[in-house]
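Raw model_5.cif, mmCIF, C-alpha atoms:
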```
data_upload
#
loop_
_atom_site.label_atom_id
_atom_site.label_comp_id
_atom_site.auth_asym_id
_atom_site.auth_seq_id
_atom_site.Cartn_x
_atom_site.Cartn_y
_atom_site.Cartn_z
CA MET A 21 82.06 99.94 69.84
CA HIS A 22 85.45 101.13 68.59
CA TYR A 23 88.35 99.36 70.33
CA THR A 24 92.00 99.29 69.27
CA GLY A 25 94.40 96.51 70.24
CA THR A 26 94.25 94.84 73.65
CA ILE A 27 91.99 96.71 76.06
CA TRP A 28 93.37 97.09 79.59
CA ARG A 29 91.33 98.05 82.62
CA PRO A 30 91.73 97.66 86.40
CA PRO A 31 89.95 94.64 87.96
CA TYR A 32 87.61 96.96 89.88
CA GLU A 33 86.32 98.59 86.65
CA ALA A 34 84.76 95.31 85.46
CA SER A 35 81.21 96.70 85.58
CA SER A 36 82.07 100.06 83.99
CA LEU A 37 81.30 100.97 80.39
CA LEU A 38 84.63 100.99 78.55
CA LEU A 39 84.75 103.97 76.19
CA GLU A 40 87.80 104.37 73.97
CA VAL A 41 88.95 107.99 73.79
CA THR A 42 92.67 107.31 73.28
CA ALA A 43 94.82 104.37 72.25
CA GLY A 44 98.40 103.80 73.32
CA CYS A 45 100.55 105.79 75.72
CA THR A 46 102.00 109.28 75.40
CA HIS A 47 105.10 108.23 77.36
CA HIS A 48 105.74 104.73 75.99
CA ARG A 49 109.26 104.62 77.41
CA CYS A 50 108.99 102.60 80.65
CA LYS A 51 111.59 99.84 80.39
CA PHE A 52 109.37 97.10 81.80
CA CYS A 53 106.17 97.88 79.89
CA THR A 54 104.98 95.89 76.86
CA LEU A 55 101.25 96.53 77.21
CA TYR A 56 100.90 98.61 74.05
CA ASN A 57 103.55 96.99 71.85
CA ASP A 58 100.84 95.53 69.61
CA LEU A 59 99.82 98.98 68.36
CA PRO A 60 101.32 100.40 65.13
CA PHE A 61 101.60 103.85 66.76
CA PRO A 62 102.63 105.16 70.21
CA PHE A 63 99.49 107.21 70.92
CA ARG A 64 96.31 108.30 69.19
CA MET A 65 93.24 110.30 70.17
CA SER A 66 89.89 108.89 69.10
CA PRO A 67 87.95 110.95 66.56
CA PRO A 68 85.01 112.70 68.24
CA ALA A 69 82.67 111.02 65.75
CA ASP A 70 83.79 107.58 66.98
CA ILE A 71 83.23 108.56 70.62
CA GLU A 72 79.75 109.85 69.85
CA SER A 73 78.93 106.73 67.82
CA ASP A 74 79.98 104.50 70.73
CA LEU A 75 77.87 106.50 73.16
CA ARG A 76 74.85 106.13 70.88
CA GLU A 77 75.44 102.38 70.86
CA ALA A 78 75.84 102.26 74.63
CA GLN A 79 72.64 104.25 75.01
CA LEU A 80 70.73 101.20 73.79
CA LEU A 81 72.13 98.83 76.42
CA SER A 82 69.31 99.31 78.91
CA THR A 83 66.50 100.18 76.46
CA ASP A 84 66.97 98.07 73.34
CA PRO A 85 64.29 95.33 73.22
CA ILE A 86 66.63 92.94 71.41
CA ALA A 87 69.34 93.38 74.06
CA MET A 88 66.81 92.73 76.80
CA LEU A 89 65.40 89.67 75.01
CA THR A 90 68.90 88.27 74.43
CA ALA A 91 69.76 88.68 78.11
CA ARG A 92 66.51 87.00 79.10
CA MET A 93 67.11 84.04 76.77
CA GLN A 94 70.64 83.61 78.13
CA GLY A 95 69.46 83.74 81.73
CA LEU A 96 71.27 87.01 82.34
CA PRO A 97 69.91 89.89 84.41
CA ARG A 98 68.19 92.70 82.56
CA PRO A 99 70.76 95.27 81.41
CA GLU A 100 70.89 98.18 83.83
CA ALA A 101 71.49 101.83 83.14
CA VAL A 102 75.17 102.74 82.92
CA ARG A 103 76.41 104.36 86.15
CA ARG A 104 80.13 104.64 85.46
CA VAL A 105 82.28 105.11 82.37
CA PHE A 106 85.96 104.14 82.24
CA LEU A 107 87.85 105.89 79.46
CA VAL A 108 90.11 103.47 77.62
CA GLY A 109 93.77 104.08 76.86
CA ALA A 110 97.03 104.11 78.81
CA ASN A 111 96.54 107.68 80.04
CA PRO A 112 93.44 109.49 78.75
CA PHE A 113 93.81 112.12 81.49
CA VAL A 114 96.61 113.59 79.37
CA LEU A 115 93.96 115.06 77.07
CA LYS A 116 93.55 118.81 77.24
CA TYR A 117 91.04 120.16 79.70
CA GLY A 118 88.63 121.26 76.98
CA ARG A 119 88.59 117.85 75.32
CA LEU A 120 87.98 116.08 78.64
CA MET A 121 85.09 118.44 79.34
CA ASP A 122 83.66 117.82 75.86
CA ILE A 123 83.80 114.06 76.49
CA ALA A 124 82.00 114.52 79.82
CA ARG A 125 79.35 116.62 78.09
CA LEU A 126 78.76 113.92 75.46
CA ILE A 127 78.53 111.23 78.15
CA ARG A 128 75.90 113.28 80.02
CA GLU A 129 73.99 113.89 76.80
CA TYR A 130 73.76 110.23 75.78
CA LEU A 131 73.96 108.53 79.19
CA PRO A 132 72.38 110.81 81.80
CA SER A 133 72.44 107.92 84.30
CA VAL A 134 76.26 108.10 84.51
CA ARG A 135 77.51 109.42 87.84
CA THR A 136 81.30 109.20 87.49
CA ILE A 137 84.02 108.95 84.85
CA GLY A 138 87.33 107.20 85.48
CA CYS A 139 90.49 106.51 83.51
CA PHE A 140 94.19 105.75 83.78
CA SER A 141 96.44 108.74 84.40
CA ARG A 142 100.14 109.38 84.59
CA ILE A 143 101.45 111.68 87.31
CA THR A 144 102.62 114.05 84.58
CA ASP A 145 99.07 114.29 83.16
CA ILE A 146 97.81 115.84 86.40
CA ALA A 147 100.50 118.53 86.23
CA LEU A 148 99.04 119.75 82.93
CA LYS A 149 95.84 120.95 84.65
CA SER A 150 95.37 124.04 86.78
CA GLU A 151 93.70 123.94 90.19
CA GLU A 152 90.54 125.43 88.68
CA GLU A 153 90.53 122.90 85.85
CA LEU A 154 90.90 119.96 88.25
CA ALA A 155 88.00 121.26 90.33
CA ASN A 156 85.85 121.68 87.21
CA LEU A 157 86.73 118.20 85.99
CA ARG A 158 85.57 116.81 89.34
CA GLN A 159 82.30 118.69 88.96
CA ALA A 160 81.94 117.21 85.47
CA GLY A 161 82.15 113.71 86.96
CA TYR A 162 85.83 112.76 86.77
CA ASP A 163 86.59 110.70 89.84
CA GLY A 164 88.42 107.49 90.64
CA LEU A 165 91.54 107.87 88.51
CA THR A 166 93.93 104.91 88.40
CA ILE A 167 97.59 105.90 88.58
CA GLY A 168 100.48 103.49 88.08
CA ILE A 169 102.96 105.10 90.43
CA GLU A 170 104.74 101.69 90.53
CA THR A 171 106.96 102.67 93.50
CA GLY A 172 108.18 105.47 95.73
CA ASP A 173 111.77 104.37 95.13
CA GLY A 174 113.33 107.29 93.26
CA GLU A 175 116.28 105.25 91.98
CA ALA A 176 113.95 102.64 90.50
CA LEU A 177 111.72 105.28 88.91
CA GLU A 178 114.74 106.86 87.25
CA PHE A 179 116.20 103.56 86.02
CA MET A 180 112.84 102.43 84.62
CA ASN A 181 112.40 105.79 82.87
CA LYS A 182 108.99 106.52 84.42
CA GLY A 183 109.38 110.24 83.79
CA TYR A 184 108.63 111.52 87.30
CA THR A 185 110.04 111.47 90.83
CA PRO A 186 108.63 110.53 94.25
CA ALA A 187 108.28 114.26 94.96
CA ASP A 188 106.14 114.60 91.82
CA ILE A 189 103.85 111.82 93.03
CA ALA A 190 103.30 113.57 96.35
CA ALA A 191 102.82 117.04 94.82
CA GLN A 192 100.37 116.07 92.09
CA CYS A 193 98.26 113.70 94.20
CA ARG A 194 97.89 116.37 96.86
CA ARG A 195 96.37 118.50 94.09
CA LEU A 196 93.88 115.72 93.37
CA ASP A 197 93.08 115.58 97.09
CA ARG A 198 92.35 119.32 97.10
CA ALA A 199 90.14 119.00 94.01
CA GLY A 200 88.21 116.10 95.53
CA ILE A 201 89.19 113.68 92.76
CA GLY A 202 89.59 110.19 94.17
CA TYR A 203 92.40 107.98 92.92
CA SER A 204 93.86 104.49 93.18
CA PHE A 205 97.52 103.51 92.95
CA PHE A 206 99.13 100.56 91.23
CA TYR A 207 102.27 99.30 92.94
CA LEU A 208 104.69 97.06 91.05
CA ALA A 209 106.43 94.57 93.33
CA GLY A 210 109.91 93.77 92.10
CA ILE A 211 110.53 97.06 90.30
CA SER A 212 113.42 97.97 92.61
CA GLY A 213 115.32 94.84 91.63
CA ALA A 214 116.93 92.02 93.59
CA GLY A 215 117.84 92.91 97.15
CA ARG A 216 116.10 96.30 97.11
CA GLY A 217 112.40 95.40 97.22
CA GLU A 218 111.75 95.96 100.91
CA ALA A 219 113.50 99.35 100.83
CA GLY A 220 111.33 100.27 97.84
CA ALA A 221 108.23 99.17 99.75
CA GLU A 222 109.17 101.36 102.69
CA ALA A 223 109.70 104.36 100.41
CA THR A 224 106.33 103.75 98.77
CA ALA A 225 104.50 103.49 102.09
CA ALA A 226 106.12 106.75 103.21
CA ILE A 227 104.61 108.56 100.21
CA CYS A 228 101.21 106.85 100.45
CA ASN A 229 100.98 107.77 104.14
CA ARG A 230 101.08 111.45 103.14
CA LEU A 231 98.24 111.07 100.62
CA HIS A 232 94.70 109.70 100.40
CA PRO A 233 94.49 106.92 97.80
CA VAL A 234 91.23 105.00 97.89
CA ARG A 235 92.92 101.79 96.83
CA LEU A 236 96.41 100.36 96.50
CA GLY A 237 96.52 97.66 93.86
CA VAL A 238 99.58 95.43 93.91
CA ASN A 239 100.93 93.81 90.76
CA MET A 240 104.08 91.75 90.35
CA LEU A 241 106.71 92.67 87.79
CA THR A 242 106.82 90.18 84.93
CA VAL A 243 109.70 90.67 82.50
CA TYR A 244 108.90 89.85 78.88
CA PRO A 245 111.52 89.28 76.15
CA ASP A 246 110.24 92.22 74.05
CA SER A 247 110.81 94.72 76.88
CA VAL A 248 113.77 97.08 77.21
CA LEU A 249 114.22 95.74 80.74
CA TYR A 250 114.90 92.26 79.38
CA GLN A 251 117.83 93.68 77.41
CA GLU A 252 119.10 95.47 80.52
CA ILE A 253 119.10 92.13 82.37
CA LYS A 254 121.00 90.45 79.53
CA ARG A 255 123.61 93.24 79.65
CA GLY A 256 124.01 92.72 83.39
CA ASN A 257 122.65 96.15 84.29
CA TRP A 258 119.75 94.92 86.45
CA GLN A 259 118.88 91.76 88.38
CA GLU A 260 115.33 90.49 88.82
CA ALA A 261 114.02 89.74 92.32
CA GLY A 262 112.91 86.24 93.19
CA GLU A 263 109.25 85.39 93.68
CA LEU A 264 109.42 84.94 97.47
CA GLU A 265 111.41 88.15 97.70
CA LYS A 266 108.49 89.93 96.03
CA TYR A 267 106.10 88.52 98.63
CA ARG A 268 108.38 89.75 101.43
CA GLU A 269 108.34 93.14 99.73
CA ILE A 270 104.54 93.20 99.67
CA ARG A 271 104.48 92.19 103.33
CA THR A 272 106.74 95.13 104.19
CA LEU A 273 104.50 97.50 102.25
CA LEU A 274 101.46 96.17 104.09
CA ALA A 275 103.17 96.58 107.47
CA ARG A 276 104.27 100.17 106.82
CA LEU A 277 100.98 101.58 105.55
CA GLU A 278 99.32 103.78 108.15
CA ILE A 279 96.36 105.11 106.17
CA PRO A 280 92.88 103.64 105.70
CA VAL A 281 92.99 102.11 102.22
CA GLU A 282 91.77 99.11 100.27
CA PHE A 283 94.70 96.77 99.70
CA ALA A 284 94.31 94.42 96.75
CA ALA A 285 96.43 92.07 94.64
CA LEU A 286 93.91 90.91 92.05
CA GLY A 287 95.62 91.15 88.65
CA ALA A 288 96.82 88.17 86.62
CA SER A 289 100.43 88.86 87.64
CA ASN A 290 99.59 87.74 91.19
CA ALA A 291 99.80 83.96 91.64
CA VAL A 292 98.18 84.46 95.05
CA GLN A 293 95.37 87.00 95.07
CA LEU A 294 94.55 89.13 98.10
CA GLN A 295 91.99 91.75 99.01
CA GLY A 296 91.09 93.57 102.20
CA ASN A 297 90.80 96.92 103.92
CA LEU A 298 93.37 98.55 106.16
CA PRO A 299 93.72 98.68 109.03
CA GLU A 300 91.01 96.16 109.93
CA ASP A 301 92.19 93.34 107.63
CA ARG A 302 95.93 93.80 108.12
CA GLU A 303 96.31 90.72 110.33
CA ALA A 304 94.49 88.42 107.88
CA LEU A 305 96.38 89.78 104.88
CA THR A 306 99.70 89.43 106.71
CA ALA A 307 98.87 85.84 107.63
CA ALA A 308 98.11 85.03 103.99
CA LEU A 309 101.45 86.48 102.88
CA ASP A 310 103.30 84.67 105.68
CA ALA A 311 101.79 81.38 104.55
CA VAL A 312 103.14 81.89 101.04
CA ILE A 313 106.58 82.92 102.30
CA GLU A 314 106.86 80.07 104.81
CA ALA A 315 105.78 77.48 102.22
CA GLY A 316 108.90 78.43 100.25
CA ARG A 317 107.64 77.28 96.85
CA GLU A 318 109.97 79.50 94.81
CA ASP A 319 110.07 77.12 91.83
CA GLU A 320 106.29 76.75 91.71
CA LEU A 321 105.75 80.51 91.87
CA ARG A 322 108.43 81.06 89.23
CA GLU A 323 106.77 78.56 86.94
CA TYR A 324 103.54 80.56 87.23
CA ARG A 325 105.46 83.69 86.20
CA THR A 326 107.13 82.05 83.21
CA ARG A 327 103.81 80.64 81.99
CA LEU A 328 102.09 84.02 82.18
CA ARG A 329 101.70 84.88 78.51
CA HIS A 330 100.37 88.35 79.19
CA LEU A 331 99.14 90.42 82.14
#
```
Show this structure as structure tokens.
Amino acid sequence: MHYTGTIWRPPYEASSLLLEVTAGCTHHRCKFCTLYNDLPFPFRMSPPADIESDLREAQLLSTDPIAMLTARMQGLPRPEAVRRVFLVGANPFVLKYGRLMDIARLIREYLPSVRTIGCFSRITDIALKSEEELANLRQAGYDGLTIGIETGDGEALEFMNKGYTPADIAAQCRRLDRAGIGYSFFYLAGISGAGRGEAGAEATAAICNRLHPVRLGVNMLTVYPDSVLYQEIKRGNWQEAGELEKYREIRTLLARLEIPVEFAALGASNAVQLQGNLPEDREALTAALDAVIEAGREDELREYRTRLRHL
């Protein structure tokens, strides 16, 4: 399989086939992000020949006698047919409609067992597609996009140079709703800065309550020295929130959400991991957050953050 640099995927895509169709990010200007700094280029599309080669290799996963024998010798279950493909790259949904359809066609050709295709997407990537194109992409299997909206706080989005506004989030995700394309959000606790986290959480909940995300994944902002944000902090232009403040922010987000949604904090940036469904698990999730807040172990939580070498 062709993979370039560190491969990032959501926790819930662990069982998906990871197929590289892009590398890097077309935006690559978010002040906090260092995920693709190890690449020698900002963004690259995979050659079609590489994609087809990887699909031929993946085709053998559930039929190759050697693969089955190896699994048996290692005490692993017999490899099953691939049901879902997750396209690798920061935002593969930016690809033109025709290229996305060609990729779907190749996946169907080599892996007819596949039911859905997911990937990361920026809000601006959705805007590049017409209503008809979004509907056709859904028919071709694209479903379950993961979108790092980060926050509904317009001031934070502008400062961090995300390249879109809260109004853009609402407008483009309503288009996904109409096309029947499911999506999950990533929320970044701490992105609004010290003293503003709970207001940012309220703004985010207000947007989410107008939409239909399947899942809201919470991550915690971790500032690395090679980020632009680190330089902003050194210049005194931005102040990082404390660890307990971030947990109070997450608690506010949880309290303000009115939609049925999976609520999860499972990434490495979360010292305390949480998962449940709203509204039925709200009380248990709130109790878990309250326990962290009331324990008041700011130093211990901060040590976890400083020891986190990468997300």
(Q) Report, in Å with one decimal, the straight-line distance from atom CA of Thr46 of chain A to atom CA of Leu177 of chain A. (A) 17.1 Å
Q.
For the PyMOL selection byres ((chain A and resi 204) around 7), applied here, can you spell out every residue it catches as a ChimeraX atom specification?
A. /A:164-167,203,205-206,233-236
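Note on the selection: in this file the PyMOL selection byres ((chain A and resi 140) around 9) comes out as Arg29, Pro30, Phe106, Leu107, Val108, Gly109, Ala110, Asn111, Pro112, Phe113, Gly138, Cys139, Ser141, Arg142, Leu165, Thr166, Ile167 and Gly168 of chain A.
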**Q.** Point-to-point distance in Å for atom CA of Thr306 of chain A and atom CA of Asp319 of chain A
**A.**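 Between these atoms lies a distance of 21.9 Å.
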Q: With the file shown as input, list the residues that the PyMOL selection byres ((chain A and resi 158) around 12) selects, as a PyMOL selection string.
A: chain A and resi 117+120-121+124+135-138+151-157+159-165+195-203
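Counting from atom CA of Thr54 of chain A, the distance to atom CA of Ser247 of chain A is 5.9 Å.
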Q: Can you pull out every residue within 12 Å of Ala78 of chain A, counting all atoms listed in the file, but drop anything in the same chain fewer than 3 positions away, and send it as number ranges by chain?
A: A: 21-22, 36-39, 71-75, 81-84, 87, 99-105, 127, 129-134
Put those residues in a file: C-alpha atoms, as a PDB file, in the coordinates of the input.
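Here's the written file selection_3.pdb:
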```pdb
ATOM      1  CA  MET A  21      82.060  99.940  69.840  1.00  0.00           C
ATOM      2  CA  HIS A  22      85.450 101.130  68.590  1.00  0.00           C
ATOM      3  CA  SER A  36      82.070 100.060  83.990  1.00  0.00           C
ATOM      4  CA  LEU A  37      81.300 100.970  80.390  1.00  0.00           C
ATOM      5  CA  LEU A  38      84.630 100.990  78.550  1.00  0.00           C
ATOM      6  CA  LEU A  39      84.750 103.970  76.190  1.00  0.00           C
ATOM      7  CA  ILE A  71      83.230 108.560  70.620  1.00  0.00           C
ATOM      8  CA  GLU A  72      79.750 109.850  69.850  1.00  0.00           C
ATOM      9  CA  SER A  73      78.930 106.730  67.820  1.00  0.00           C
ATOM     10  CA  ASP A  74      79.980 104.500  70.730  1.00  0.00           C
ATOM     11  CA  LEU A  75      77.870 106.500  73.160  1.00  0.00           C
ATOM     12  CA  LEU A  81      72.130  98.830  76.420  1.00  0.00           C
ATOM     13  CA  SER A  82      69.310  99.310  78.910  1.00  0.00           C
ATOM     14  CA  THR A  83      66.500 100.180  76.460  1.00  0.00           C
ATOM     15  CA  ASP A  84      66.970  98.070  73.340  1.00  0.00           C
ATOM     16  CA  ALA A  87      69.340  93.380  74.060  1.00  0.00           C
ATOM     17  CA  PRO A  99      70.760  95.270  81.410  1.00  0.00           C
ATOM     18  CA  GLU A 100      70.890  98.180  83.830  1.00  0.00           C
ATOM     19  CA  ALA A 101      71.490 101.830  83.140  1.00  0.00           C
ATOM     20  CA  VAL A 102      75.170 102.740  82.920  1.00  0.00           C
ATOM     21  CA  ARG A 103      76.410 104.360  86.150  1.00  0.00           C
ATOM     22  CA  ARG A 104      80.130 104.640  85.460  1.00  0.00           C
ATOM     23  CA  VAL A 105      82.280 105.110  82.370  1.00  0.00           C
ATOM     24  CA  ILE A 127      78.530 111.230  78.150  1.00  0.00           C
ATOM     25  CA  GLU A 129      73.990 113.890  76.800  1.00  0.00           C
ATOM     26  CA  TYR A 130      73.760 110.230  75.780  1.00  0.00           C
ATOM     27  CA  LEU A 131      73.960 108.530  79.190  1.00  0.00           C
ATOM     28  CA  PRO A 132      72.380 110.810  81.800  1.00  0.00           C
ATOM     29  CA  SER A 133      72.440 107.920  84.300  1.00  0.00           C
ATOM     30  CA  VAL A 134      76.260 108.100  84.510  1.00  0.00           C
TER      31      VAL A 134
END
```
Give me the residues within 6 Å of segment 290-300 of chain A as a PDB file with C-alpha atoms, keeping the file's coordinate frame, counting all atoms listed in the file and dropping any in the same chain fewer than 5 places off.
```pdb
ATOM      1  CA  PRO A 280      92.880 103.640 105.700  1.00  0.00           C
ATOM      2  CA  VAL A 281      92.990 102.110 102.220  1.00  0.00           C
ATOM      3  CA  GLU A 282      91.770  99.110 100.270  1.00  0.00           C
ATOM      4  CA  PHE A 283      94.700  96.770  99.700  1.00  0.00           C
ATOM      5  CA  ALA A 284      94.310  94.420  96.750  1.00  0.00           C
ATOM      6  CA  ALA A 285      96.430  92.070  94.640  1.00  0.00           C
TER       7      ALA A 285
END
```
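Considering all atoms listed in the file, the residue among A:Pro97, A:Pro62, A:Gly220, A:Pro67 positioned nearest to Arg49 of chain A is A:Pro62.
Take the candidates A:Tyr184, A:Tyr324, A:Tyr207, A:Tyr56 and check each one against Glu269 of chain A using only C-alpha atoms; the shortest distance goes to A:Tyr207.
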Q | Selection near segment 254-263 of chain A, 9 Å with all atoms listed in the file, sequence-local residues under 5 positions removed, as number ranges by chain | A | A: 210-217, 240-241, 243, 249, 268, 317-319, 321-322, 325
Set the distance at 12 Å and use only C-alpha atoms: which residues neighbour Asp70 of chain A once local chain neighbours fewer than 5 positions away are removed? I'd like the list as an mmCIF file with C-alpha atoms, keeping the file's coordinate frame.
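The result, stored in out30.cif:
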```cif
data_model
loop_
_atom_site.group_PDB
_atom_site.id
_atom_site.type_symbol
_atom_site.label_atom_id
_atom_site.label_comp_id
_atom_site.auth_asym_id
_atom_site.auth_seq_id
_atom_site.Cartn_x
_atom_site.Cartn_y
_atom_site.Cartn_z
ATOM 1 C CA MET A 21 82.060 99.940 69.840
ATOM 2 C CA HIS A 22 85.450 101.130 68.590
ATOM 3 C CA TYR A 23 88.350 99.360 70.330
ATOM 4 C CA THR A 24 92.000 99.290 69.270
ATOM 5 C CA LEU A 39 84.750 103.970 76.190
ATOM 6 C CA GLU A 40 87.800 104.370 73.970
ATOM 7 C CA VAL A 41 88.950 107.990 73.790
ATOM 8 C CA THR A 42 92.670 107.310 73.280
ATOM 9 C CA MET A 65 93.240 110.300 70.170
ATOM 10 C CA LEU A 75 77.870 106.500 73.160
ATOM 11 C CA ARG A 76 74.850 106.130 70.880
ATOM 12 C CA GLU A 77 75.440 102.380 70.860
ATOM 13 C CA ILE A 123 83.800 114.060 76.490
ATOM 14 C CA LEU A 126 78.760 113.920 75.460
#
```
Q.
Which residue is closest to Gly287 of chain A? Choose from A:Ala190, A:Ala219, A:Leu309, A:Leu208 and count only C-alpha atoms.
A.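 Using only C-alpha atoms, Gly287 of chain A sits closest to A:Leu208.
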Start from the incomplete input, build N, CA and C atoms for segment 168-190 of chain A, and deliver everything as a compact mmCIF listing (two decimals), keeping the file's coordinate frame.
```txt
# COMPACT_ATOMS: atom_id res chain seq x y z
N GLY A 168 99.40 104.46 87.88
CA GLY A 168 100.48 103.49 88.08
C GLY A 168 101.73 104.17 88.58
N ILE A 169 101.75 104.47 89.88
CA ILE A 169 102.96 105.10 90.43
C ILE A 169 104.11 104.10 90.43
N GLU A 170 103.80 102.81 90.53
CA GLU A 170 104.74 101.69 90.53
C GLU A 170 105.53 101.58 91.83
N THR A 171 106.13 102.69 92.30
CA THR A 171 106.96 102.67 93.50
C THR A 171 107.25 104.10 93.96
N GLY A 172 107.68 104.20 95.22
CA GLY A 172 108.18 105.47 95.73
C GLY A 172 109.69 105.50 95.78
N ASP A 173 110.32 104.50 95.19
CA ASP A 173 111.77 104.37 95.13
C ASP A 173 112.29 105.23 93.97
N GLY A 174 112.89 106.36 94.29
CA GLY A 174 113.33 107.29 93.26
C GLY A 174 114.35 106.69 92.30
N GLU A 175 115.26 105.87 92.83
CA GLU A 175 116.28 105.25 91.98
C GLU A 175 115.64 104.31 90.96
N ALA A 176 114.64 103.55 91.40
CA ALA A 176 113.95 102.64 90.50
C ALA A 176 113.15 103.40 89.44
N LEU A 177 112.48 104.48 89.86
CA LEU A 177 111.72 105.28 88.91
C LEU A 177 112.63 105.84 87.82
N GLU A 178 113.80 106.30 88.23
CA GLU A 178 114.74 106.86 87.25
C GLU A 178 115.27 105.78 86.31
N PHE A 179 115.66 104.64 86.87
CA PHE A 179 116.20 103.56 86.02
C PHE A 179 115.16 103.07 85.03
N MET A 180 113.91 102.94 85.48
CA MET A 180 112.84 102.43 84.62
C MET A 180 112.30 103.48 83.67
N ASN A 181 112.79 104.71 83.77
CA ASN A 181 112.40 105.79 82.87
C ASN A 181 110.90 106.11 82.97
N LYS A 182 110.41 106.21 84.22
CA LYS A 182 108.99 106.52 84.42
C LYS A 182 108.66 107.97 84.09
N GLY A 183 109.63 108.86 84.19
CA GLY A 183 109.38 110.24 83.79
C GLY A 183 108.89 111.14 84.91
N TYR A 184 108.98 110.68 86.15
CA TYR A 184 108.63 111.52 87.30
C TYR A 184 109.37 111.02 88.52
N THR A 185 109.33 111.79 89.60
CA THR A 185 110.04 111.47 90.83
C THR A 185 109.05 111.22 91.97
N PRO A 186 109.52 110.67 93.09
CA PRO A 186 108.63 110.53 94.25
C PRO A 186 108.02 111.87 94.69
N ALA A 187 108.80 112.94 94.59
CA ALA A 187 108.28 114.26 94.96
C ALA A 187 107.14 114.66 94.04
N ASP A 188 107.22 114.31 92.77
CA ASP A 188 106.14 114.60 91.82
C ASP A 188 104.87 113.85 92.20
N ILE A 189 105.02 112.60 92.61
CA ILE A 189 103.85 111.82 93.03
C ILE A 189 103.13 112.53 94.17
N ALA A 190 103.89 112.92 95.18
CA ALA A 190 103.30 113.57 96.35
C ALA A 190 102.64 114.89 95.96
```
